[in-house]
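Listing of protein_2.cif, mmCIF, C-alpha atoms, pLDDT in the B column; chains and numbers go by the auth columns
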data_data
#
loop_
_atom_site.group_PDB
_atom_site.id
_atom_site.type_symbol
_atom_site.label_atom_id
_atom_site.label_comp_id
_atom_site.label_asym_id
_atom_site.label_seq_id
_atom_site.Cartn_x
_atom_site.Cartn_y
_atom_site.Cartn_z
_atom_site.B_iso_or_equiv
_atom_site.auth_seq_id
_atom_site.auth_asym_id
ATOM 1 C CA MET A 1 -26.306 -2.245 -8.601 48.00 22 A
ATOM 2 C CA ALA A 2 -27.129 -5.846 -7.676 45.00 23 A
ATOM 3 C CA LEU A 3 -28.174 -6.842 -11.202 42.00 24 A
ATOM 4 C CA PRO A 4 -24.743 -6.279 -12.804 51.00 25 A
ATOM 5 C CA TRP A 5 -23.140 -8.144 -9.921 48.00 26 A
ATOM 6 C CA ALA A 6 -25.664 -10.963 -10.206 46.00 27 A
ATOM 7 C CA LEU A 7 -24.536 -11.360 -13.776 46.00 28 A
ATOM 8 C CA ALA A 8 -20.972 -11.273 -12.528 51.00 29 A
ATOM 9 C CA VAL A 9 -21.649 -14.229 -10.247 49.00 30 A
ATOM 10 C CA LEU A 10 -22.803 -16.296 -13.157 48.00 31 A
ATOM 11 C CA SER A 11 -20.041 -14.911 -15.341 54.00 32 A
ATOM 12 C CA LEU A 12 -17.384 -16.519 -13.193 49.00 33 A
ATOM 13 C CA LEU A 13 -18.534 -20.008 -14.093 48.00 34 A
ATOM 14 C CA PRO A 14 -16.790 -20.187 -17.494 48.00 35 A
ATOM 15 C CA LEU A 15 -13.483 -19.750 -15.718 48.00 36 A
ATOM 16 C CA LEU A 16 -14.035 -23.135 -14.089 47.00 37 A
ATOM 17 C CA ASN A 17 -13.907 -24.965 -17.419 45.00 38 A
ATOM 18 C CA ALA A 18 -10.754 -23.412 -18.862 45.00 39 A
ATOM 19 C CA GLN A 19 -10.397 -24.123 -22.563 44.00 40 A
ATOM 20 C CA SER A 20 -8.138 -22.820 -25.284 43.00 41 A
ATOM 21 C CA SER A 21 -8.208 -19.065 -25.714 47.00 42 A
ATOM 22 C CA SER A 22 -9.768 -19.310 -29.190 57.00 43 A
ATOM 23 C CA CYS A 23 -13.366 -18.200 -29.610 66.00 44 A
ATOM 24 C CA VAL A 24 -15.388 -20.918 -27.920 60.00 45 A
ATOM 25 C CA ASN A 25 -18.739 -21.271 -26.212 55.00 46 A
ATOM 26 C CA PHE A 26 -18.208 -20.206 -22.591 51.00 47 A
ATOM 27 C CA THR A 27 -21.494 -21.458 -21.202 49.00 48 A
ATOM 28 C CA VAL A 28 -20.957 -23.702 -18.172 58.00 49 A
ATOM 29 C CA PRO A 29 -23.741 -25.435 -16.247 65.00 50 A
ATOM 30 C CA ILE A 30 -24.357 -24.036 -12.771 73.00 51 A
ATOM 31 C CA THR A 31 -24.038 -26.784 -10.160 79.00 52 A
ATOM 32 C CA ASN A 32 -23.393 -26.915 -6.413 83.00 53 A
ATOM 33 C CA ALA A 33 -19.757 -27.763 -7.191 84.00 54 A
ATOM 34 C CA SER A 34 -19.346 -24.742 -9.480 80.00 55 A
ATOM 35 C CA LEU A 35 -21.027 -22.535 -6.865 83.00 56 A
ATOM 36 C CA ASP A 36 -18.494 -23.802 -4.299 86.00 57 A
ATOM 37 C CA GLN A 37 -15.707 -22.724 -6.630 85.00 58 A
ATOM 38 C CA ILE A 38 -16.982 -19.160 -6.961 84.00 59 A
ATOM 39 C CA SER A 39 -17.859 -18.721 -3.290 89.00 60 A
ATOM 40 C CA GLY A 40 -15.559 -16.364 -1.411 92.00 61 A
ATOM 41 C CA LYS A 41 -13.907 -13.020 -2.097 92.00 62 A
ATOM 42 C CA TRP A 42 -13.461 -11.710 -5.643 91.00 63 A
ATOM 43 C CA PHE A 43 -11.840 -8.551 -6.981 91.00 64 A
ATOM 44 C CA PHE A 44 -13.127 -6.597 -9.925 87.00 65 A
ATOM 45 C CA VAL A 45 -10.210 -6.064 -12.308 86.00 66 A
ATOM 46 C CA ALA A 46 -11.595 -4.617 -15.543 84.00 67 A
ATOM 47 C CA TRP A 47 -14.678 -4.516 -17.717 81.00 68 A
ATOM 48 C CA ALA A 48 -15.447 -3.446 -21.263 82.00 69 A
ATOM 49 C CA TYR A 49 -18.518 -1.717 -22.647 79.00 70 A
ATOM 50 C CA ARG A 50 -19.463 -0.825 -26.209 78.00 71 A
ATOM 51 C CA HIS A 51 -21.926 1.864 -25.194 79.00 72 A
ATOM 52 C CA PRO A 52 -20.333 5.140 -24.063 83.00 73 A
ATOM 53 C CA GLU A 53 -22.966 5.809 -21.372 84.00 74 A
ATOM 54 C CA TYR A 54 -22.188 2.499 -19.623 82.00 75 A
ATOM 55 C CA LYS A 55 -18.461 3.038 -19.977 83.00 76 A
ATOM 56 C CA GLN A 56 -18.825 6.490 -18.416 86.00 77 A
ATOM 57 C CA LEU A 57 -20.720 5.003 -15.452 85.00 78 A
ATOM 58 C CA ALA A 58 -18.109 2.242 -15.091 84.00 79 A
ATOM 59 C CA SER A 59 -15.343 4.841 -15.118 87.00 80 A
ATOM 60 C CA SER A 60 -16.568 6.202 -11.784 90.00 81 A
ATOM 61 C CA TYR A 61 -15.493 2.901 -10.143 90.00 82 A
ATOM 62 C CA GLN A 62 -12.012 3.121 -8.685 91.00 83 A
ATOM 63 C CA SER A 63 -11.964 -0.218 -6.882 91.00 84 A
ATOM 64 C CA ALA A 64 -14.372 -3.027 -6.085 91.00 85 A
ATOM 65 C CA PHE A 65 -14.435 -6.397 -4.376 92.00 86 A
ATOM 66 C CA PHE A 66 -17.264 -8.668 -3.399 91.00 87 A
ATOM 67 C CA TYR A 67 -18.162 -11.898 -1.648 91.00 88 A
ATOM 68 C CA PHE A 68 -20.415 -14.730 -2.768 87.00 89 A
ATOM 69 C CA ASP A 69 -21.869 -17.128 -0.191 89.00 90 A
ATOM 70 C CA SER A 70 -23.942 -19.945 -1.714 87.00 91 A
ATOM 71 C CA ASN A 71 -27.118 -21.409 -0.237 85.00 92 A
ATOM 72 C CA TYR A 72 -27.895 -24.603 -2.171 79.00 93 A
ATOM 73 C CA THR A 73 -31.195 -25.428 -0.516 81.00 94 A
ATOM 74 C CA GLU A 74 -32.709 -22.114 -1.571 79.00 95 A
ATOM 75 C CA ASP A 75 -30.770 -21.756 -4.880 79.00 96 A
ATOM 76 C CA MET A 76 -29.541 -18.403 -3.678 82.00 97 A
ATOM 77 C CA ILE A 77 -26.256 -16.523 -3.318 84.00 98 A
ATOM 78 C CA HIS A 78 -25.734 -13.921 -0.611 87.00 99 A
ATOM 79 C CA PHE A 79 -23.790 -11.118 -2.240 87.00 100 A
ATOM 80 C CA ARG A 80 -21.773 -8.435 -0.411 92.00 101 A
ATOM 81 C CA GLU A 81 -20.191 -5.697 -2.523 92.00 102 A
ATOM 82 C CA TYR A 82 -17.673 -3.058 -1.475 94.00 103 A
ATOM 83 C CA SER A 83 -17.013 -0.447 -4.168 93.00 104 A
ATOM 84 C CA THR A 84 -15.023 2.747 -4.181 94.00 105 A
ATOM 85 C CA ILE A 85 -16.877 5.164 -6.433 93.00 106 A
ATOM 86 C CA ASN A 86 -15.693 8.756 -6.757 91.00 107 A
ATOM 87 C CA ASP A 87 -13.501 8.372 -3.642 92.00 108 A
ATOM 88 C CA GLN A 88 -16.340 7.045 -1.457 94.00 109 A
ATOM 89 C CA CYS A 89 -17.049 3.555 -0.200 95.00 110 A
ATOM 90 C CA VAL A 90 -20.406 2.167 -1.306 94.00 111 A
ATOM 91 C CA TYR A 91 -21.611 -1.061 0.326 94.00 112 A
ATOM 92 C CA ASN A 92 -24.389 -3.226 -1.050 90.00 113 A
ATOM 93 C CA SER A 93 -25.712 -6.497 0.296 89.00 114 A
ATOM 94 C CA SER A 94 -28.356 -8.586 -1.402 86.00 115 A
ATOM 95 C CA HIS A 95 -29.509 -12.102 -2.172 81.00 116 A
ATOM 96 C CA LEU A 96 -29.361 -13.351 -5.745 74.00 117 A
ATOM 97 C CA ASN A 97 -31.572 -16.117 -7.046 73.00 118 A
ATOM 98 C CA ILE A 98 -29.769 -18.742 -9.101 73.00 119 A
ATOM 99 C CA GLN A 99 -31.087 -20.094 -12.366 63.00 120 A
ATOM 100 C CA LYS A 100 -28.943 -23.169 -12.813 60.00 121 A
ATOM 101 C CA GLU A 101 -29.792 -23.514 -16.507 52.00 122 A
ATOM 102 C CA ASN A 102 -28.078 -20.266 -17.551 42.00 123 A
ATOM 103 C CA GLY A 103 -24.494 -19.020 -17.755 39.00 124 A
ATOM 104 C CA THR A 104 -22.749 -15.870 -19.033 37.00 125 A
ATOM 105 C CA LEU A 105 -19.237 -14.546 -19.686 67.00 126 A
ATOM 106 C CA SER A 106 -17.011 -12.053 -17.855 54.00 127 A
ATOM 107 C CA ARG A 107 -13.585 -11.890 -16.218 60.00 128 A
ATOM 108 C CA TYR A 108 -12.907 -11.515 -12.492 69.00 129 A
ATOM 109 C CA SER A 109 -10.079 -12.601 -10.233 77.00 130 A
ATOM 110 C CA ASP A 110 -9.747 -13.945 -6.720 78.00 131 A
ATOM 111 C CA LYS A 111 -6.778 -11.562 -6.307 82.00 132 A
ATOM 112 C CA PRO A 112 -6.711 -7.786 -6.853 83.00 133 A
ATOM 113 C CA VAL A 113 -3.996 -8.043 -9.533 84.00 134 A
ATOM 114 C CA VAL A 114 -4.036 -10.498 -12.424 85.00 135 A
ATOM 115 C CA THR A 115 -1.115 -12.047 -14.256 88.00 136 A
ATOM 116 C CA PRO A 116 -0.107 -10.850 -17.717 90.00 137 A
ATOM 117 C CA GLU A 117 -1.364 -14.206 -19.048 89.00 138 A
ATOM 118 C CA GLN A 118 -4.811 -13.681 -17.493 86.00 139 A
ATOM 119 C CA MET A 119 -5.005 -10.184 -18.969 86.00 140 A
ATOM 120 C CA ARG A 120 -3.899 -11.541 -22.376 88.00 141 A
ATOM 121 C CA GLN A 121 -6.736 -14.080 -22.240 83.00 142 A
ATOM 122 C CA PHE A 122 -9.185 -11.317 -21.329 82.00 143 A
ATOM 123 C CA HIS A 123 -8.013 -9.274 -24.331 85.00 144 A
ATOM 124 C CA GLU A 124 -8.350 -12.297 -26.621 82.00 145 A
ATOM 125 C CA GLN A 125 -11.917 -12.858 -25.465 79.00 146 A
ATOM 126 C CA LEU A 126 -12.742 -9.209 -26.148 79.00 147 A
ATOM 127 C CA THR A 127 -11.388 -9.632 -29.659 80.00 148 A
ATOM 128 C CA CYS A 128 -13.512 -12.764 -30.110 77.00 149 A
ATOM 129 C CA MET A 129 -16.548 -10.736 -29.078 72.00 150 A
ATOM 130 C CA GLY A 130 -15.700 -8.009 -31.598 76.00 151 A
ATOM 131 C CA MET A 131 -14.629 -5.520 -28.938 78.00 152 A
ATOM 132 C CA ASP A 132 -11.520 -3.350 -28.739 81.00 153 A
ATOM 133 C CA LYS A 133 -9.090 -2.779 -25.860 84.00 154 A
ATOM 134 C CA SER A 134 -10.133 0.885 -25.880 84.00 155 A
ATOM 135 C CA GLU A 135 -13.540 -0.241 -24.558 81.00 156 A
ATOM 136 C CA ILE A 136 -12.016 -1.607 -21.320 83.00 157 A
ATOM 137 C CA VAL A 137 -12.459 0.183 -18.013 81.00 158 A
ATOM 138 C CA TYR A 138 -9.833 -0.768 -15.414 84.00 159 A
ATOM 139 C CA VAL A 139 -9.996 -0.298 -11.657 84.00 160 A
ATOM 140 C CA ASP A 140 -7.180 0.205 -9.176 86.00 161 A
ATOM 141 C CA GLU A 141 -7.297 -1.730 -5.901 85.00 162 A
ATOM 142 C CA THR A 142 -4.943 0.824 -4.314 90.00 163 A
ATOM 143 C CA LYS A 143 -7.783 3.385 -4.455 91.00 164 A
ATOM 144 C CA ASP A 144 -10.048 1.231 -2.276 91.00 165 A
ATOM 145 C CA GLN A 145 -11.854 3.301 0.374 92.00 166 A
ATOM 146 C CA CYS A 146 -13.824 0.371 1.835 92.00 167 A
ATOM 147 C CA GLY A 147 -11.120 -1.112 4.081 89.00 168 A
ATOM 148 C CA PRO A 148 -12.494 0.270 7.387 92.00 169 A
ATOM 149 C CA LEU A 149 -16.083 -0.765 6.620 92.00 170 A
ATOM 150 C CA HIS A 150 -14.948 -4.204 5.414 90.00 171 A
ATOM 151 C CA LYS A 151 -12.893 -4.686 8.591 92.00 172 A
ATOM 152 C CA GLN A 152 -15.871 -3.634 10.742 93.00 173 A
ATOM 153 C CA HIS A 153 -18.158 -6.133 8.973 92.00 174 A
ATOM 154 C CA ASP A 154 -15.585 -8.925 9.347 90.00 175 A
ATOM 155 C CA GLU A 155 -15.320 -8.230 13.083 92.00 176 A
ATOM 156 C CA GLU A 156 -19.120 -8.248 13.420 91.00 177 A
ATOM 157 C CA ARG A 157 -19.322 -11.585 11.590 87.00 178 A
ATOM 158 C CA LYS A 158 -16.650 -13.087 13.833 89.00 179 A
ATOM 159 C CA LYS A 159 -18.678 -12.011 16.864 89.00 180 A
ATOM 160 C CA GLY A 160 -21.760 -13.671 15.379 83.00 181 A
ATOM 161 C CA LYS A 161 -23.526 -10.435 14.536 68.00 182 A
ATOM 162 C CA ASP A 162 -25.073 -9.794 11.145 59.00 183 A
ATOM 163 C CA PRO A 163 -23.749 -6.450 9.863 56.00 184 A
ATOM 164 C CA LYS A 164 -26.280 -3.889 8.819 51.00 185 A
ATOM 165 C CA SER A 165 -26.947 -3.627 5.094 44.00 186 A
ATOM 166 C CA PRO A 166 -26.545 0.088 4.331 42.00 187 A
ATOM 167 C CA LYS A 167 -26.422 1.248 0.752 41.00 188 A
ATOM 168 C CA GLU A 168 -23.512 3.514 1.605 39.00 189 A
ATOM 169 C CA GLY A 169 -20.906 3.590 4.273 42.00 190 A
ATOM 170 C CA GLY A 170 -17.389 4.651 4.892 41.00 191 A
ATOM 171 C CA LYS A 171 -17.323 8.439 4.704 39.00 192 A
#

Full structure transcribed into structure tokens:
Amino acid sequence: MALPWALAVLSLLPLLNAQSSSCVNFTVPITNASLDQISGKWFFVAWAYRHPEYKQLASSYQSAFFYFDSNYTEDMIHFREYSTINDQCVYNSSHLNIQKENGTLSRYSDKPVVTPEQMRQFHEQLTCMGMDKSEIVYVDETKDQCGPLHKQHDEERKKGKDPKSPKEGGK
């Protein structure tokens, strides 16, 4: 699961250089400043897939949020993911190596709900990429089952402990 989220980290960078919503090149250089801007908590809102098998897998996600913590000296991001999949909380923690020469495109939000304008822009970008709204998979933050595990990890961090890195937790 870390690979799709690693791409998500890099996918946030185009949002830092907002341009008109017409079809444009969304590649943004990865710098320490851009990494600062994507560090923190992010909520998965929606994704779109052309291939039915990927869309089916994505449909099992009910809610997801994640944290990025940058480490400039090692060109690394510590990634913590909390996903509700089929009514169960799944936690993943990993380190992602950064290749500062590359960038990709996707849409995420630092809040669990986006504005109509943000969703309109997302739809326009799908159209630019030759995709249809029917290819979008949405998630619902109200179905999040990771609250207790997230709270436990936050408390452990505040106490200076490093929370364990289980693949699954919650139930």

Could you tell me which residues the PyMOL selection byres ((chain A and resi 56-73) around 9) grabs in this file, written as a PDB file with C-alpha atoms, keeping the file's coordinate frame?
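To be explicit, this is the file written out as out01.pdb:
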ATOM      1  CA  VAL A  30     -21.649 -14.229 -10.247  1.00 49.00           C
ATOM      2  CA  LEU A  31     -22.803 -16.296 -13.157  1.00 48.00           C
ATOM      3  CA  LEU A  33     -17.384 -16.519 -13.193  1.00 49.00           C
ATOM      4  CA  LEU A  34     -18.534 -20.008 -14.093  1.00 48.00           C
ATOM      5  CA  LEU A  37     -14.035 -23.135 -14.089  1.00 47.00           C
ATOM      6  CA  ILE A  51     -24.357 -24.036 -12.771  1.00 73.00           C
ATOM      7  CA  THR A  52     -24.038 -26.784 -10.160  1.00 79.00           C
ATOM      8  CA  ASN A  53     -23.393 -26.915  -6.413  1.00 83.00           C
ATOM      9  CA  ALA A  54     -19.757 -27.763  -7.191  1.00 84.00           C
ATOM     10  CA  SER A  55     -19.346 -24.742  -9.480  1.00 80.00           C
ATOM     11  CA  GLU A  74     -22.966   5.809 -21.372  1.00 84.00           C
ATOM     12  CA  TYR A  75     -22.188   2.499 -19.623  1.00 82.00           C
ATOM     13  CA  LYS A  76     -18.461   3.038 -19.977  1.00 83.00           C
ATOM     14  CA  GLN A  77     -18.825   6.490 -18.416  1.00 86.00           C
ATOM     15  CA  LEU A  78     -20.720   5.003 -15.452  1.00 85.00           C
ATOM     16  CA  ALA A  79     -18.109   2.242 -15.091  1.00 84.00           C
ATOM     17  CA  SER A  84     -11.964  -0.218  -6.882  1.00 91.00           C
ATOM     18  CA  ALA A  85     -14.372  -3.027  -6.085  1.00 91.00           C
ATOM     19  CA  PHE A  86     -14.435  -6.397  -4.376  1.00 92.00           C
ATOM     20  CA  PHE A  87     -17.264  -8.668  -3.399  1.00 91.00           C
ATOM     21  CA  TYR A  88     -18.162 -11.898  -1.648  1.00 91.00           C
ATOM     22  CA  PHE A  89     -20.415 -14.730  -2.768  1.00 87.00           C
ATOM     23  CA  ASP A  90     -21.869 -17.128  -0.191  1.00 89.00           C
ATOM     24  CA  SER A  91     -23.942 -19.945  -1.714  1.00 87.00           C
ATOM     25  CA  TYR A  93     -27.895 -24.603  -2.171  1.00 79.00           C
ATOM     26  CA  ILE A  98     -26.256 -16.523  -3.318  1.00 84.00           C
ATOM     27  CA  SER A 127     -17.011 -12.053 -17.855  1.00 54.00           C
ATOM     28  CA  ARG A 128     -13.585 -11.890 -16.218  1.00 60.00           C
ATOM     29  CA  TYR A 129     -12.907 -11.515 -12.492  1.00 69.00           C
ATOM     30  CA  SER A 130     -10.079 -12.601 -10.233  1.00 77.00           C
ATOM     31  CA  ASP A 131      -9.747 -13.945  -6.720  1.00 78.00           C
ATOM     32  CA  LYS A 132      -6.778 -11.562  -6.307  1.00 82.00           C
ATOM     33  CA  PRO A 133      -6.711  -7.786  -6.853  1.00 83.00           C
ATOM     34  CA  VAL A 134      -3.996  -8.043  -9.533  1.00 84.00           C
ATOM     35  CA  VAL A 135      -4.036 -10.498 -12.424  1.00 85.00           C
ATOM     36  CA  LEU A 147     -12.742  -9.209 -26.148  1.00 79.00           C
ATOM     37  CA  MET A 152     -14.629  -5.520 -28.938  1.00 78.00           C
ATOM     38  CA  ASP A 153     -11.520  -3.350 -28.739  1.00 81.00           C
ATOM     39  CA  LYS A 154      -9.090  -2.779 -25.860  1.00 84.00           C
ATOM     40  CA  SER A 155     -10.133   0.885 -25.880  1.00 84.00           C
ATOM     41  CA  GLU A 156     -13.540  -0.241 -24.558  1.00 81.00           C
ATOM     42  CA  ILE A 157     -12.016  -1.607 -21.320  1.00 83.00           C
ATOM     43  CA  VAL A 158     -12.459   0.183 -18.013  1.00 81.00           C
ATOM     44  CA  TYR A 159      -9.833  -0.768 -15.414  1.00 84.00           C
ATOM     45  CA  VAL A 160      -9.996  -0.298 -11.657  1.00 84.00           C
ATOM     46  CA  ASP A 161      -7.180   0.205  -9.176  1.00 86.00           C
ATOM     47  CA  GLU A 162      -7.297  -1.730  -5.901  1.00 85.00           C
TER      48      GLU A 162
END

Would you list the residues near (-16.4, 7.1, -4.9), meaning any protein, DNA or RNA residue with an atom at most 12 Å from that point in file coordinates, counting only C-alpha atoms, as a ChimeraX atom specification? /A:78-85,103-112,160,164-167,189-192

Please indicate the distance in Å from CA of His171 (chain A) to CA of Thr136 (chain A), rounded to one decimal place.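 These atoms are spaced 25.3 Å apart.
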
Find the distance between CA of Glu95 (chain A) and CA of Arg178 (chain A) and write it in Å to one decimal. 21.5 Å

Two-atom distance - CA of Glu102 (chain A), CA of Met150 (chain A) (Å):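 CA of Met150 (chain A) lies 27.3 Å from CA of Glu102 (chain A).
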
Selected residue of minimal separation from Asn113 (chain A) among A:Lys180, A:Leu170, A:Met97, A:Asp175, counting all atoms listed in the file: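 When distances to Asn113 (chain A) are compared using all atoms listed in the file, the smallest one comes from A:Leu170.
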
Could you tell me which of A:His144, A:Lys179, A:Lys172, A:His116 comes closest to Arg101 (chain A) if we count only C-alpha atoms?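 With only C-alpha atoms as the atom set, the closest residue is A:His116.
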